Amino acid sequence: MALGFPFEASIRSLLPLVDKFVVAVGKGADDTLARVKAIGDPKIRIIETIWNERMADRGFVYSQQKMIAQCSCTGDWVFYLEGDEAVHEDEIAVIRASVERHQGNPHAALANAHTYHYGWIRRNEDMQKKFDKVGKYWAAAPAKIHYSQFDRRALAPFTGTHPKAARHWLATEAEPQLRLDAGYRPTPKENKYHLMRKIETLTGLDFSRKHFKLVA
């Protein structure tokens, strides 16, 4: 777990929903593979992969690795979850009901549930290690990550509850406290994002990019 991903919490959170869980584990020097095996659930099928170190175009290697797992799935439905995401146990029944309601319908529909994304709350040093490691897949120099350098307008207090599967990781592996730099000046990109959010709130429009057409 050299890069700080909460992948065990991610897997455990989704296991109650699925019949089979396909996990693509890239070859590496840390204990990721052993820890996935140690979960010990018969639903889990592990596919050991090797990342193409020469694929340095716009992160396409990520899509390749995702498709290795996806193309190994069977059945009517596939739930794609990344290693820094989790689902809440209170919404498993909601997701299952949505699946049953839309069985046989080939178009996109809202499940009225949430995905909890923990990528940007892993320890700052772990996030930096990730960017140092993966920059080559984007043909770019690794970005310098400083959690203090962030637009506070994009933040709001979390008032809900976290998935049970993620709580131990949050208590032991996540960045313990966010200290924003009061003198930080938002970038033009962040200002544009803030303006678009305000327009969306006022008009009810959604300007986010989508790879589907919502019909239900």
# chains A, B, ... in the order shown; residues from 1 in each chain; ligands from 1

$ residues_around --residues "Phe131 of chain A" --least-positions-apart "2" --cutoff "9 Å" --atoms "only C-alpha atoms" --output "list of chain:residue names"
A:Asp126, A:Met127, A:Gln128, A:Lys129, A:Lys133, A:Val134, A:Gly135, A:Ala141, A:Pro142, A:Ala143, A:Lys144, A:Ile145

$ write_last_selection --atoms "C-alpha atoms" --output "compact mmCIF listing (two decimals), in the first residue's frame"
# COMPACT_ATOMS: atom_id res chain seq x y z
CA ASP A 126 1.17 9.62 0.02
CA MET A 127 -0.54 11.81 -2.57
CA GLN A 128 2.82 13.25 -3.54
CA LYS A 129 4.22 9.73 -3.94
CA LYS A 133 4.89 7.64 -9.59
CA VAL A 134 2.22 8.22 -12.24
CA GLY A 135 3.42 11.40 -13.94
CA ALA A 141 6.47 16.32 -14.73
CA PRO A 142 5.01 15.30 -11.35
CA ALA A 143 2.87 18.02 -9.78
CA LYS A 144 3.80 19.35 -6.36
CA ILE A 145 0.96 18.64 -3.93

$ closest_residue --among "A:Glu200, A:Asp132, A:Glu91, A:Glu48" --to "Lys164 of chain A" --atoms "only C-alpha atoms"
A:Glu91

$ closest_residue --among "A:Asp151, A:Thr203, A:Tyr193, A:Pro157" --to "Asp181 of chain A" --atoms "only C-alpha atoms"
A:Asp151

$ closest_residue --among "A:Ala86, A:Trp169, A:Ile44, A:Gln149" --to "Pro186 of chain A" --atoms "only C-alpha atoms"
A:Gln149

$ residues_around --residues "Thr74 of chain A" --least-positions-apart "2" --cutoff "12 Å" --atoms "only C-alpha atoms" --output "PyMOL selection string"
chain A and resi 18-22+45+69-72+76-79

$ select_by_dssp --residues "segment 70-212 of chain A" --states "helix (DSSP H, G or I)" --output "PyMOL selection string"
chain A and resi 70+89-101+119-121+124-138+152-154+164-172+188-203

$ residues_around --residues "segment 154-156 of chain A" --least-positions-apart "4" --cutoff "10 Å" --atoms "only C-alpha atoms" --output "NGL selection string"
:A and (150 or 190 or 193-194 or 197)

$ select_by_dssp --residues "chain A" --states "strand (DSSP E or B)" --output "CSV table (one decimal) with C-alpha atoms, in the first residue's frame"
chain,number,residue,atom,x,y,z
A,21,PHE,CA,-15.8,-9.0,-7.3
A,22,VAL,CA,-13.0,-8.8,-10.0
A,23,VAL,CA,-9.9,-7.0,-8.8
A,24,ALA,CA,-7.1,-6.0,-11.2
A,25,VAL,CA,-3.8,-5.8,-9.2
A,26,GLY,CA,-0.8,-4.5,-10.9
A,44,ILE,CA,-13.1,-12.0,-5.0
A,45,ARG,CA,-11.4,-12.9,-8.2
A,46,ILE,CA,-7.9,-11.4,-8.6
A,47,ILE,CA,-6.3,-10.7,-11.9
A,48,GLU,CA,-2.6,-10.0,-11.7
A,49,THR,CA,-1.6,-7.5,-14.4
A,85,GLU,CA,-13.8,5.0,-3.5
A,86,ALA,CA,-16.4,3.3,-1.2
A,108,ALA,CA,-28.6,5.5,-18.0
A,116,TYR,CA,-17.5,8.3,-1.3
A,117,HIS,CA,-14.2,9.4,-2.9
A,122,ARG,CA,-5.0,10.4,2.0
A,174,ALA,CA,-6.0,9.8,6.2
A,214,LEU,CA,-29.8,10.3,-18.6

$ closest_residue --among "A:Tyr62, A:Trp138, A:Tyr147, A:Trp120" --to "Leu170 of chain A" --atoms "only C-alpha atoms"
A:Trp120

$ residues_around --residues "Ile39 of chain A" --least-positions-apart "2" --cutoff "12 Å" --atoms "only C-alpha atoms" --output "JSON, numbers by chain"
{"A": [7, 8, 9, 10, 11, 12, 13, 15, 21, 23, 32, 33, 34, 35, 36, 37, 41, 42, 43, 44, 45, 46]}

$ closest_residue --among "A:Pro16, A:Gly119, A:Gly104, A:Gly160" --to "Glu89 of chain A" --atoms "only C-alpha atoms"
A:Pro16

$ closest_residue --among "A:Arg101, A:Gly59, A:Leu17, A:His107" --to "Val87 of chain A" --atoms "only C-alpha atoms"
A:Leu17

$ atom_distance --atom1 "atom CA of Arg58 of chain A" --atom2 "atom CA of Gly4 of chain A"
22.8 Å

$ decode --residues "segment 96-111 of chain A" --atoms "C-alpha atoms" --output "JSON list (two decimals), in the first residue's frame"
[["chain", "number", "residue", "atom", "x", "y", "z"],
["A", 96, "ARG", "CA", -30.02, -3.02, -5.46],
["A", 97, "ALA", "CA", -33.57, -1.71, -5.82],
["A", 98, "SER", "CA", -32.47, 0.60, -8.63],
["A", 99, "VAL", "CA", -30.79, -2.31, -10.42],
["A", 100, "GLU", "CA", -33.95, -4.39, -10.15],
["A", 101, "ARG", "CA", -36.15, -1.49, -11.26],
["A", 102, "HIS", "CA", -34.10, -0.86, -14.40],
["A", 103, "GLN", "CA", -33.32, -4.45, -15.31],
["A", 104, "GLY", "CA", -33.59, -4.75, -19.08],
["A", 105, "ASN", "CA", -33.47, -0.99, -19.65],
["A", 106, "PRO", "CA", -30.30, -0.23, -21.74],
["A", 107, "HIS", "CA", -30.17, 3.53, -20.87],
["A", 108, "ALA", "CA", -28.59, 5.48, -17.97],
["A", 109, "ALA", "CA", -30.60, 6.15, -14.77],
["A", 110, "LEU", "CA", -29.86, 7.66, -11.37],
["A", 111, "ALA", "CA", -29.45, 5.18, -8.51]]
